[in-house]
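Trainee: Below: one structure in structure tokens.
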Amino acid sequence: MTRQITKDTTLCMSLAARPSNFGTRFHNFLYEALGLDYIYKAFTTTDLAAAIGGVRALGVRGCAVSMPFKEACIPMLDELDASATAIRSVNTIVNTDGHLKAYNTDYIAIAKLLAQHQVSSDLAFAVRGSGGMAKAVTCALKDAGFKNGYVVARNEAQGRQLAGLYGYPWRPDMEQVQAELLVNVTPVGMAGGVDAQALSFSAAAIQAAQVVFDVVALPAETPLVQSARAHGKKTITGAEVFAIQAVEQFVLYTGVRPDDALFQRAAAFARG
């Protein structure tokens, strides 16, 4: 039987510069599997303030926030959860009767994946990027006990600010940086972008690393992940990040936590 959408159906959504179908497929799969009267739709916008105003005014229950809106949306919100306050970056908005509260489930996903993949905190790391997701990654590394690493960012002001926030040095590039854990937190390698076929780290840096982590979710195997696997390196993918942070969003929106088997089915369906 086809699921019916009515005036009482609860809407959840996402805002991203380049929307994908991953979240849409993931959330809608779970809504149907659990018999929840919800629907999820991905959007982009050139007017962030109006979009956030629409979330409030139209009673949209939840809104996932992706690049480049994770920091820019903060002044438009009513309350920040501790997860968002700690890194001043938002990836989830929950609307309760017009009150918009922000969370950051990216941090939760990064922390879980570092533990699941048993990435040693003794490894020296290089985080490439300085935006909202880079904050989540760097904070998770700090909290996991990583003492040695670099924030590598072309934007000196943002790079220095992020590095200083967590007590790591900043570098404008990978020259003279030796890292056993590489983390890409830039759009390089993202499907549909101008750098979709590019590598965020050089072949030499990949060869020298032990673990390569790319937060870009689409494609599931970015050029960086493909190169790392070709060199026999342990990899962590953006698709893994997306699935874990998405299920945490799902719980915030619905109050329901799917069991692990159903989560794995939803993640596989979303990767499609």
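Chains: A, B, ... in order of the structure tokens. Residues: from 1 per chain. Ligands: from 1, in order shown.
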Just want the 12 Å neighbourhood of Leu80 (chain A), counted on only C-alpha atoms, with same-chain residues fewer than 2 positions away dropped. Output as a list in words.

Mentor: Glu71, Cys73, Ile74, Pro75, Met76, Leu77, Asp78, Ala82, Ser83, Ala84, Thr85, Ala86, Ile87, Arg88, Ser89, Val90, Asn91, Thr92, Ile93, Val94, His99, Leu100, Lys101, Ala102, Tyr103 and Asn104 of chain A

Trainee: Would you write out those residues with C-alpha atoms, as a PDB file, in the first residue's frame?

Mentor:
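Written out: again-v9.pdb:
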ATOM      1  CA  GLU A  71      28.053  28.434  10.956  1.00  0.00           C
ATOM      2  CA  CYS A  73      22.743  29.841  10.402  1.00  0.00           C
ATOM      3  CA  ILE A  74      23.650  30.251  14.089  1.00  0.00           C
ATOM      4  CA  PRO A  75      22.427  33.869  14.523  1.00  0.00           C
ATOM      5  CA  MET A  76      19.008  32.810  13.188  1.00  0.00           C
ATOM      6  CA  LEU A  77      18.407  30.151  15.855  1.00  0.00           C
ATOM      7  CA  ASP A  78      16.981  30.306  19.385  1.00  0.00           C
ATOM      8  CA  ALA A  82      26.031  21.679  24.084  1.00  0.00           C
ATOM      9  CA  SER A  83      27.107  19.667  21.021  1.00  0.00           C
ATOM     10  CA  ALA A  84      26.741  22.763  18.830  1.00  0.00           C
ATOM     11  CA  THR A  85      27.945  25.283  21.414  1.00  0.00           C
ATOM     12  CA  ALA A  86      31.232  23.441  21.892  1.00  0.00           C
ATOM     13  CA  ILE A  87      32.274  23.855  18.279  1.00  0.00           C
ATOM     14  CA  ARG A  88      30.067  26.764  17.165  1.00  0.00           C
ATOM     15  CA  SER A  89      28.817  24.733  14.239  1.00  0.00           C
ATOM     16  CA  VAL A  90      25.364  23.328  13.475  1.00  0.00           C
ATOM     17  CA  ASN A  91      24.247  20.395  11.376  1.00  0.00           C
ATOM     18  CA  THR A  92      20.795  19.770  12.872  1.00  0.00           C
ATOM     19  CA  ILE A  93      17.882  22.073  13.726  1.00  0.00           C
ATOM     20  CA  VAL A  94      14.871  20.831  15.693  1.00  0.00           C
ATOM     21  CA  HIS A  99      11.548  27.291  18.953  1.00  0.00           C
ATOM     22  CA  LEU A 100      14.616  26.350  16.903  1.00  0.00           C
ATOM     23  CA  LYS A 101      17.267  24.383  18.790  1.00  0.00           C
ATOM     24  CA  ALA A 102      20.530  23.447  17.114  1.00  0.00           C
ATOM     25  CA  TYR A 103      22.686  20.336  17.540  1.00  0.00           C
ATOM     26  CA  ASN A 104      25.794  18.884  15.947  1.00  0.00           C
TER      27      ASN A 104
END

Trainee: If we count only C-alpha atoms and set the cut-off at 7 Å, which residues sit around region 233-241 of chain A, ignoring sequence neighbours fewer than 5 positions away in its own chain? Please answer as a ChimeraX atom specification.

Mentor: /A:109-110,210-217,220,225,228

Trainee: Generate the output file for the selected residues, C-alpha atoms, as a PDB file, in the first residue's frame.

Mentor:
ATOM      1  CA  ALA A 109      29.608  10.400  14.101  1.00  0.00           C
ATOM      2  CA  ILE A 110      33.312  11.296  13.932  1.00  0.00           C
ATOM      3  CA  GLN A 210      48.359   4.646   7.797  1.00  0.00           C
ATOM      4  CA  VAL A 211      44.726   5.809   7.847  1.00  0.00           C
ATOM      5  CA  VAL A 212      42.860   8.016   5.353  1.00  0.00           C
ATOM      6  CA  PHE A 213      39.519   9.557   6.344  1.00  0.00           C
ATOM      7  CA  ASP A 214      37.414  11.474   3.792  1.00  0.00           C
ATOM      8  CA  VAL A 215      34.249  13.145   5.128  1.00  0.00           C
ATOM      9  CA  VAL A 216      32.906  13.707   1.595  1.00  0.00           C
ATOM     10  CA  ALA A 217      29.857  11.425   1.367  1.00  0.00           C
ATOM     11  CA  ALA A 220      30.821   6.791  -1.515  1.00  0.00           C
ATOM     12  CA  VAL A 225      39.393   6.839  -0.792  1.00  0.00           C
ATOM     13  CA  ALA A 228      44.134   5.144  -0.319  1.00  0.00           C
TER      14      ALA A 228
END

Trainee: My list of candidates is A:Ala209, A:Tyr253, A:Pro172, A:Ile52. Which is closest to Asp37 (chain A) when distances are computed with only C-alpha atoms?

Mentor: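 For Asp37 (chain A), the nearest of the candidates is A:Tyr253.
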
Trainee: So that I can see what lies close to Arg25 (chain A), please list as a list in words the residues with an atom at most 12 Å from it, counting only C-alpha atoms and leaving out residues fewer than 2 positions away in the same chain.

Mentor: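 Neighbouring residues, sequence-local ones excluded: Met13, Ser20, Asn21, Phe22, Gly23, His27, Asn28, Phe29, Leu30, Tyr31, Glu32, Ala33, Ile39, Tyr40, Lys41, Ala42, Ala243, Ala246, Arg265, Ala266, Ala267, Ala268, Phe269, Ala270, Arg271 and Gly272 of chain A.
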
Trainee: Could you please write out, as a VMD selection string, every residue of region 6-218 of chain A that DSSP assigns to strand (DSSP E)?

Mentor: chain A and resid 10 to 15 38 to 43 62 to 65 79 to 80 92 to 96 99 to 103 125 to 128 149 to 152 170 to 171 181 to 184 211 to 214

Trainee: Quick one: of A:Asp81, A:Asp143, A:Asp195, A:Glu248, who's nearest to Thr222 (chain A), counting only C-alpha atoms?

Mentor: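 Nearest to Thr222 (chain A): A:Asp195.
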
Trainee: Which one of A:Ala205, A:Ala230, A:Met133, A:Ala191 sits closest to Leu218 (chain A) if you count only C-alpha atoms?

Mentor: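 Of the candidates, the smallest distance to Leu218 (chain A) is held by A:Ala191.
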
Trainee: Go ahead and compute the interatomic distance for CA of Asp97 (chain A) and CA of Gly59 (chain A), in Å to one decimal.

Mentor: 7.1 Å

Trainee: Run DSSP on the backbone of this structure and report the residues of region 79-253 of chain A it assigns to alpha helix (DSSP H), as a ChimeraX atom specification.

Mentor: /A:82-85,105-116,132-143,156-166,203-208,223-230,238-253

Trainee: With C-alpha atoms retained, export the selected residues as a PDB file, in the first residue's frame.

Mentor:
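Final output, saved to part_25.pdb:
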ATOM      1  CA  ALA A  82      26.031  21.679  24.084  1.00  0.00           C
ATOM      2  CA  SER A  83      27.107  19.667  21.021  1.00  0.00           C
ATOM      3  CA  ALA A  84      26.741  22.763  18.830  1.00  0.00           C
ATOM      4  CA  THR A  85      27.945  25.283  21.414  1.00  0.00           C
ATOM      5  CA  THR A 105      25.572  15.155  15.233  1.00  0.00           C
ATOM      6  CA  ASP A 106      28.685  15.315  12.999  1.00  0.00           C
ATOM      7  CA  TYR A 107      30.809  15.296  16.161  1.00  0.00           C
ATOM      8  CA  ILE A 108      29.020  12.174  17.419  1.00  0.00           C
ATOM      9  CA  ALA A 109      29.608  10.400  14.101  1.00  0.00           C
ATOM     10  CA  ILE A 110      33.312  11.296  13.932  1.00  0.00           C
ATOM     11  CA  ALA A 111      33.914  10.179  17.527  1.00  0.00           C
ATOM     12  CA  LYS A 112      32.090   6.873  16.960  1.00  0.00           C
ATOM     13  CA  LEU A 113      34.015   6.111  13.772  1.00  0.00           C
ATOM     14  CA  LEU A 114      37.417   6.822  15.312  1.00  0.00           C
ATOM     15  CA  ALA A 115      36.527   4.333  18.051  1.00  0.00           C
ATOM     16  CA  GLN A 116      34.921   1.742  15.746  1.00  0.00           C
ATOM     17  CA  GLY A 132      32.139  23.747  10.301  1.00  0.00           C
ATOM     18  CA  MET A 133      32.845  20.061   9.685  1.00  0.00           C
ATOM     19  CA  ALA A 134      36.553  20.669  10.277  1.00  0.00           C
ATOM     20  CA  LYS A 135      35.617  21.977  13.723  1.00  0.00           C
ATOM     21  CA  ALA A 136      33.683  18.794  14.474  1.00  0.00           C
ATOM     22  CA  VAL A 137      36.574  16.614  13.303  1.00  0.00           C
ATOM     23  CA  THR A 138      39.273  18.542  15.166  1.00  0.00           C
ATOM     24  CA  CYS A 139      37.230  18.651  18.365  1.00  0.00           C
ATOM     25  CA  ALA A 140      36.579  14.894  18.154  1.00  0.00           C
ATOM     26  CA  LEU A 141      40.295  14.232  17.649  1.00  0.00           C
ATOM     27  CA  LYS A 142      41.162  16.417  20.621  1.00  0.00           C
ATOM     28  CA  ASP A 143      38.594  14.718  22.849  1.00  0.00           C
ATOM     29  CA  GLU A 156      44.993  31.572   7.134  1.00  0.00           C
ATOM     30  CA  ALA A 157      42.583  33.430   9.404  1.00  0.00           C
ATOM     31  CA  GLN A 158      40.137  30.529   9.701  1.00  0.00           C
ATOM     32  CA  GLY A 159      42.909  27.954   9.815  1.00  0.00           C
ATOM     33  CA  ARG A 160      44.796  29.680  12.620  1.00  0.00           C
ATOM     34  CA  GLN A 161      41.580  30.246  14.559  1.00  0.00           C
ATOM     35  CA  LEU A 162      40.558  26.569  14.331  1.00  0.00           C
ATOM     36  CA  ALA A 163      44.032  25.293  15.141  1.00  0.00           C
ATOM     37  CA  GLY A 164      44.379  27.647  18.105  1.00  0.00           C
ATOM     38  CA  LEU A 165      40.971  26.694  19.450  1.00  0.00           C
ATOM     39  CA  TYR A 166      42.144  23.127  20.035  1.00  0.00           C
ATOM     40  CA  ALA A 203      50.059  10.554  -3.589  1.00  0.00           C
ATOM     41  CA  ALA A 204      53.185  10.881  -1.464  1.00  0.00           C
ATOM     42  CA  ALA A 205      51.161  11.939   1.597  1.00  0.00           C
ATOM     43  CA  ILE A 206      48.743   9.051   1.060  1.00  0.00           C
ATOM     44  CA  GLN A 207      51.613   6.599   0.722  1.00  0.00           C
ATOM     45  CA  ALA A 208      53.143   7.831   3.992  1.00  0.00           C
ATOM     46  CA  PRO A 223      39.189   9.733  -5.514  1.00  0.00           C
ATOM     47  CA  LEU A 224      40.983  10.030  -2.159  1.00  0.00           C
ATOM     48  CA  VAL A 225      39.393   6.839  -0.792  1.00  0.00           C
ATOM     49  CA  GLN A 226      40.093   4.984  -4.032  1.00  0.00           C
ATOM     50  CA  SER A 227      43.732   6.065  -3.988  1.00  0.00           C
ATOM     51  CA  ALA A 228      44.134   5.144  -0.319  1.00  0.00           C
ATOM     52  CA  ARG A 229      42.681   1.675  -0.885  1.00  0.00           C
ATOM     53  CA  ALA A 230      44.929   1.180  -3.890  1.00  0.00           C
ATOM     54  CA  GLY A 238      32.029  10.114   4.349  1.00  0.00           C
ATOM     55  CA  ALA A 239      29.175   7.697   3.684  1.00  0.00           C
ATOM     56  CA  GLU A 240      29.862   6.183   7.114  1.00  0.00           C
ATOM     57  CA  VAL A 241      29.838   9.646   8.687  1.00  0.00           C
ATOM     58  CA  PHE A 242      26.626  10.578   6.924  1.00  0.00           C
ATOM     59  CA  ALA A 243      24.789   7.431   8.015  1.00  0.00           C
ATOM     60  CA  ILE A 244      25.693   7.761  11.711  1.00  0.00           C
ATOM     61  CA  GLN A 245      24.973  11.480  11.952  1.00  0.00           C
ATOM     62  CA  ALA A 246      21.728  10.941  10.040  1.00  0.00           C
ATOM     63  CA  VAL A 247      20.414   8.323  12.468  1.00  0.00           C
ATOM     64  CA  GLU A 248      21.155  10.684  15.369  1.00  0.00           C
ATOM     65  CA  GLN A 249      19.160  13.349  13.525  1.00  0.00           C
ATOM     66  CA  PHE A 250      16.360  10.839  12.993  1.00  0.00           C
ATOM     67  CA  VAL A 251      16.164  10.238  16.741  1.00  0.00           C
ATOM     68  CA  LEU A 252      16.056  13.977  17.458  1.00  0.00           C
ATOM     69  CA  TYR A 253      13.244  14.503  14.943  1.00  0.00           C
TER      70      TYR A 253
END

Trainee: Near region 120-123 of chain A, within 8 Å and counting only C-alpha atoms, which residues show up once chain neighbours fewer than 3 positions away are dropped, as a PDB file with C-alpha atoms, in the first residue's frame?

Mentor:
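Result file follows (around.pdb):
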ATOM      1  CA  LEU A 141      40.295  14.232  17.649  1.00  0.00           C
ATOM      2  CA  ALA A 144      39.846  11.287  21.712  1.00  0.00           C
ATOM      3  CA  GLY A 145      43.319  12.136  22.979  1.00  0.00           C
ATOM      4  CA  PHE A 146      45.186  12.960  19.762  1.00  0.00           C
ATOM      5  CA  LYS A 147      48.124  15.114  20.836  1.00  0.00           C
ATOM      6  CA  ASN A 148      50.078  15.568  17.613  1.00  0.00           C
ATOM      7  CA  ALA A 179      50.960  12.666   9.065  1.00  0.00           C
ATOM      8  CA  GLU A 180      49.911   9.082   9.692  1.00  0.00           C
ATOM      9  CA  LEU A 181      46.207  10.011   9.722  1.00  0.00           C
TER      10      LEU A 181
END

Trainee: Measuring between only C-alpha atoms, which one of A:Thr45, A:Gln176, A:Val127, A:Leu34 shows the shortest distance to Pro19 (chain A)?

Mentor: A:Thr45

Trainee: Under the rule that only C-alpha atoms are counted, which of A:Gly129, A:Pro68, A:Pro187, A:Gly35 is the nearest residue to Thr9 (chain A)?

Mentor: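 Nearest candidate to Thr9 (chain A) out of A:Gly129, A:Pro68, A:Pro187, A:Gly35: A:Gly35.
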
Trainee: Choose the residue, out of A:Ala72, A:Ser202, A:Ile5, A:Leu36, that has the smallest atom-to-atom separation from Val256 (chain A); count only C-alpha atoms.

Mentor: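 Answer, going by the shortest atom-to-atom distance: A:Leu36.
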